[in-house]
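Before any comments, here is the structure.
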Amino acid sequence: MSGSGGERPFVTLTWAQALDGSIASAPGTRTAISGPESLALTHRLRAAHDAILVGVGTVLADDPSLTVRYAEGVDPRPVVLDARLRTPGSARLFGDGTRSPIIVGAVGADRGAEAALEASGARILLLEPDPDGRPHLADCLEALYAEGVRRLMVEGGASVLAAFLAEDLADELVVTVAPRILAGLNPFHPAPAGIDAARLARSLVDARWERHGDDMVLRGRPRR
Ligand SMILES: NC(=O)c1ccc[n+]([C@@H]2O[C@H](COP(=O)([O-])OP(=O)(O)OC[C@H]3O[C@@H](n4cnc5c(N)ncnc54)[C@H](OP(=O)(O)O)[C@@H]3O)[C@@H](O)[C@H]2O)c1
């Protein structure tokens with residue numbers, strides 16, 4: 001797979017949303033959206049990827065473990081996009097110390113935070129920041145490829161989903177739609193700060209709908 005010149009992993013962008021597009025009942029809160037059947041699908045999907053990426057906003061809001069629990073399979077390696085290294089060393093994604101999450105930060109991040117996260121078992125990758133102080137996603141993907149990641153699942157949250165879509169870095173979407181209205185946090189509208197709304201508009205090609213319990217799951221390839 002070719003990114004901004006170098007090799008990059010295949011990227012699956014996945015999230016669970018309510019009918020109105022909300023992925024949480026309010027920004028910064030954890031909301032269980034998927035029913036048990038679609039949750040099991042998500043966990044099978046996790047097991048089919050080498051690594052699973054979330055933004056630090058999701059780590060701080062949800063403290064997810066990012067493991068495979070509702071399906072058989074091996075846990076993917078956790079990856080956190082975290083320019084300023086705000087991930088707590090006590091975060092659940094460190095597991096019982098046997099996992100080595102990759103934290104992707106920006107050059108210039110606090111050295112003390114870097115040392116503390118390394119002491120907790122993290123592998124820290126510091127990349128040149130963009131004008132907003134964040135690592136470029138294309139560089140991040142190349143760095144993950146160099147770490148051995150060939151299939152990457154991107155699971156949120158709102159800003160990270162929008163950033164991957166806006167930069168055309170998603171190869172497949174897998175979206176769970178639950179039969180409820182949350183009127184909460186929508187990842188695409190309004191577009192998160194720093195993202196041009198026009199870059200988010202997409203159609204899906206080869207779109208397939210599957211029913212999983214009460215939820216519908218949409219798979220497809222995003223195209224402008
Ligand atoms: N329903 C679902 O499927 C689902 C899944 C996951 C999360 N969520 C929800 O999503 C919400 C969290 O979303 P969020 O937008 O606050 O946080 P987020 O997308 O998880 O993380 C955003 C943070 O990531 C960091 N980051 C680093 N590089 C970035 C880049 N290139 N582009 C964008 N962000 C980058 C930024 O912090 P720095 O600048 O400090 O690096 C940014 O503030 C929570 O309510 C959570 O429950 C829902």
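The way I read the labels, and the way they are meant: chains A, B, ... in the order of the structure tokens, residue 1 as the first residue of every chain, and ligand 1 as the first ligand shown, with later ones counted on from there.
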
Residues within 6 Å of ligand 1, counting only C-alpha atoms and all ligand atoms: report them as a PyMOL selection string. chain A and resi 15-17+23-24+27-31+54-58+61-62+81-84+134-137+155-160+163

Keeping only C-alpha atoms, write the selected residues as a PDB file, in the first residue's frame.
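What follows is the written file again_28.pdb:
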```
ATOM      1  CA  TRP A  15     -17.007   3.380  14.413  1.00  0.00           C
ATOM      2  CA  ALA A  16     -20.435   2.855  15.939  1.00  0.00           C
ATOM      3  CA  GLN A  17     -23.043   5.558  15.524  1.00  0.00           C
ATOM      4  CA  ILE A  23     -20.761   8.515  18.211  1.00  0.00           C
ATOM      5  CA  ALA A  24     -21.196   9.572  21.856  1.00  0.00           C
ATOM      6  CA  PRO A  27     -18.057  15.135  23.702  1.00  0.00           C
ATOM      7  CA  GLY A  28     -15.642  13.412  26.035  1.00  0.00           C
ATOM      8  CA  THR A  29     -18.113  10.847  27.327  1.00  0.00           C
ATOM      9  CA  ARG A  30     -18.175   7.100  26.799  1.00  0.00           C
ATOM     10  CA  THR A  31     -21.418   5.785  25.320  1.00  0.00           C
ATOM     11  CA  VAL A  54      -7.301   5.764  18.703  1.00  0.00           C
ATOM     12  CA  GLY A  55      -6.692   9.423  19.517  1.00  0.00           C
ATOM     13  CA  VAL A  56      -5.646  10.494  22.999  1.00  0.00           C
ATOM     14  CA  GLY A  57      -9.092  12.095  23.382  1.00  0.00           C
ATOM     15  CA  THR A  58     -10.623   8.618  23.380  1.00  0.00           C
ATOM     16  CA  ALA A  61     -12.618   9.905  27.783  1.00  0.00           C
ATOM     17  CA  ASP A  62     -13.171   6.141  27.549  1.00  0.00           C
ATOM     18  CA  LEU A  81      -2.119   9.454  18.408  1.00  0.00           C
ATOM     19  CA  ASP A  82      -0.905  11.724  21.166  1.00  0.00           C
ATOM     20  CA  ALA A  83       1.197  14.727  20.121  1.00  0.00           C
ATOM     21  CA  ARG A  84       1.911  15.922  23.660  1.00  0.00           C
ATOM     22  CA  ARG A 134       0.342  17.135  15.501  1.00  0.00           C
ATOM     23  CA  PRO A 135       2.149  14.357  13.678  1.00  0.00           C
ATOM     24  CA  HIS A 136       1.232  14.103   9.971  1.00  0.00           C
ATOM     25  CA  LEU A 137      -0.989  11.064   9.539  1.00  0.00           C
ATOM     26  CA  GLU A 155     -11.467   3.147  15.937  1.00  0.00           C
ATOM     27  CA  GLY A 156     -11.903   6.821  16.815  1.00  0.00           C
ATOM     28  CA  GLY A 157     -12.642   9.191  18.202  1.00  0.00           C
ATOM     29  CA  ALA A 158     -14.330  12.017  16.396  1.00  0.00           C
ATOM     30  CA  SER A 159     -11.273  14.125  15.444  1.00  0.00           C
ATOM     31  CA  VAL A 160      -9.195  11.140  14.404  1.00  0.00           C
ATOM     32  CA  ALA A 163      -8.691  13.464  10.011  1.00  0.00           C
TER      33      ALA A 163
END
```

Per-residue nearest contacts stretch 19-137 of chain A to stretch 216-220 of chain A, cut-off 10 Å, using only C-alpha atoms, as CSV:
```
residue,atom,partner,partner_atom,distance
A:Ser34,CA,A:Met216,CA,9.7
A:Ser38,CA,A:Val217,CA,7.5
A:Leu41,CA,A:Val217,CA,9.2
A:Thr42,CA,A:Val217,CA,10.0
```

Please give the complete set of residues from stretch 128-163 of chain A that DSSP, run on the backbone, assigns to alpha helix (DSSP H), formatted as a VMD selection string. chain A and resid 137 to 146 158 to 163

Point-to-point distance from atom CA of A:Val154 to atom CA of A:Leu13, Å rounded to tenths: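 So the answer is 4.8 Å.
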
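Taking only C-alpha atoms, the non-local environment of stretch 115-122 of chain A within 12 Å (same-chain residues fewer than 6 positions away omitted) comprises Arg77, Pro78, Val79, Val80, Asp82, Arg84, Leu85, Arg86, Thr87, Pro88, Gly89, Ser90, Ala91, Arg92, Leu93, Phe94, Gly95, Asp96, Gly97, Thr98, Arg99, Ser100, Pro101, Ile102, Ile103, Val104, Gly105 and Ala109 of chain A.
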
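Of the residues listed (A:Asp63, A:Glu210, A:Asp139, A:Glu167), A:Glu167 shows the shortest atom-to-atom separation from A:Asp196; distances use only C-alpha atoms.
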
In Å, with one decimal, what is the gap from atom CA of A:Asp215 to atom CA of A:Ala178? 4.7 Å

Which one is closest to A:Tyr70: A:Ile124, A:Ala51, A:Leu39, A:Ala191? Count only C-alpha atoms. A:Leu39

Between A:Pro131, A:Pro36, A:Gly148, A:Pro179, which one has atoms that come closest to A:Pro9, using only C-alpha atoms?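 Closest to A:Pro9, using only C-alpha atoms: A:Gly148.
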
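You can rank A:Arg202, A:Met153, A:Arg224, A:Ala138 by their closest distance to A:Leu66 using only C-alpha atoms, and at the top of that list sits A:Met153.
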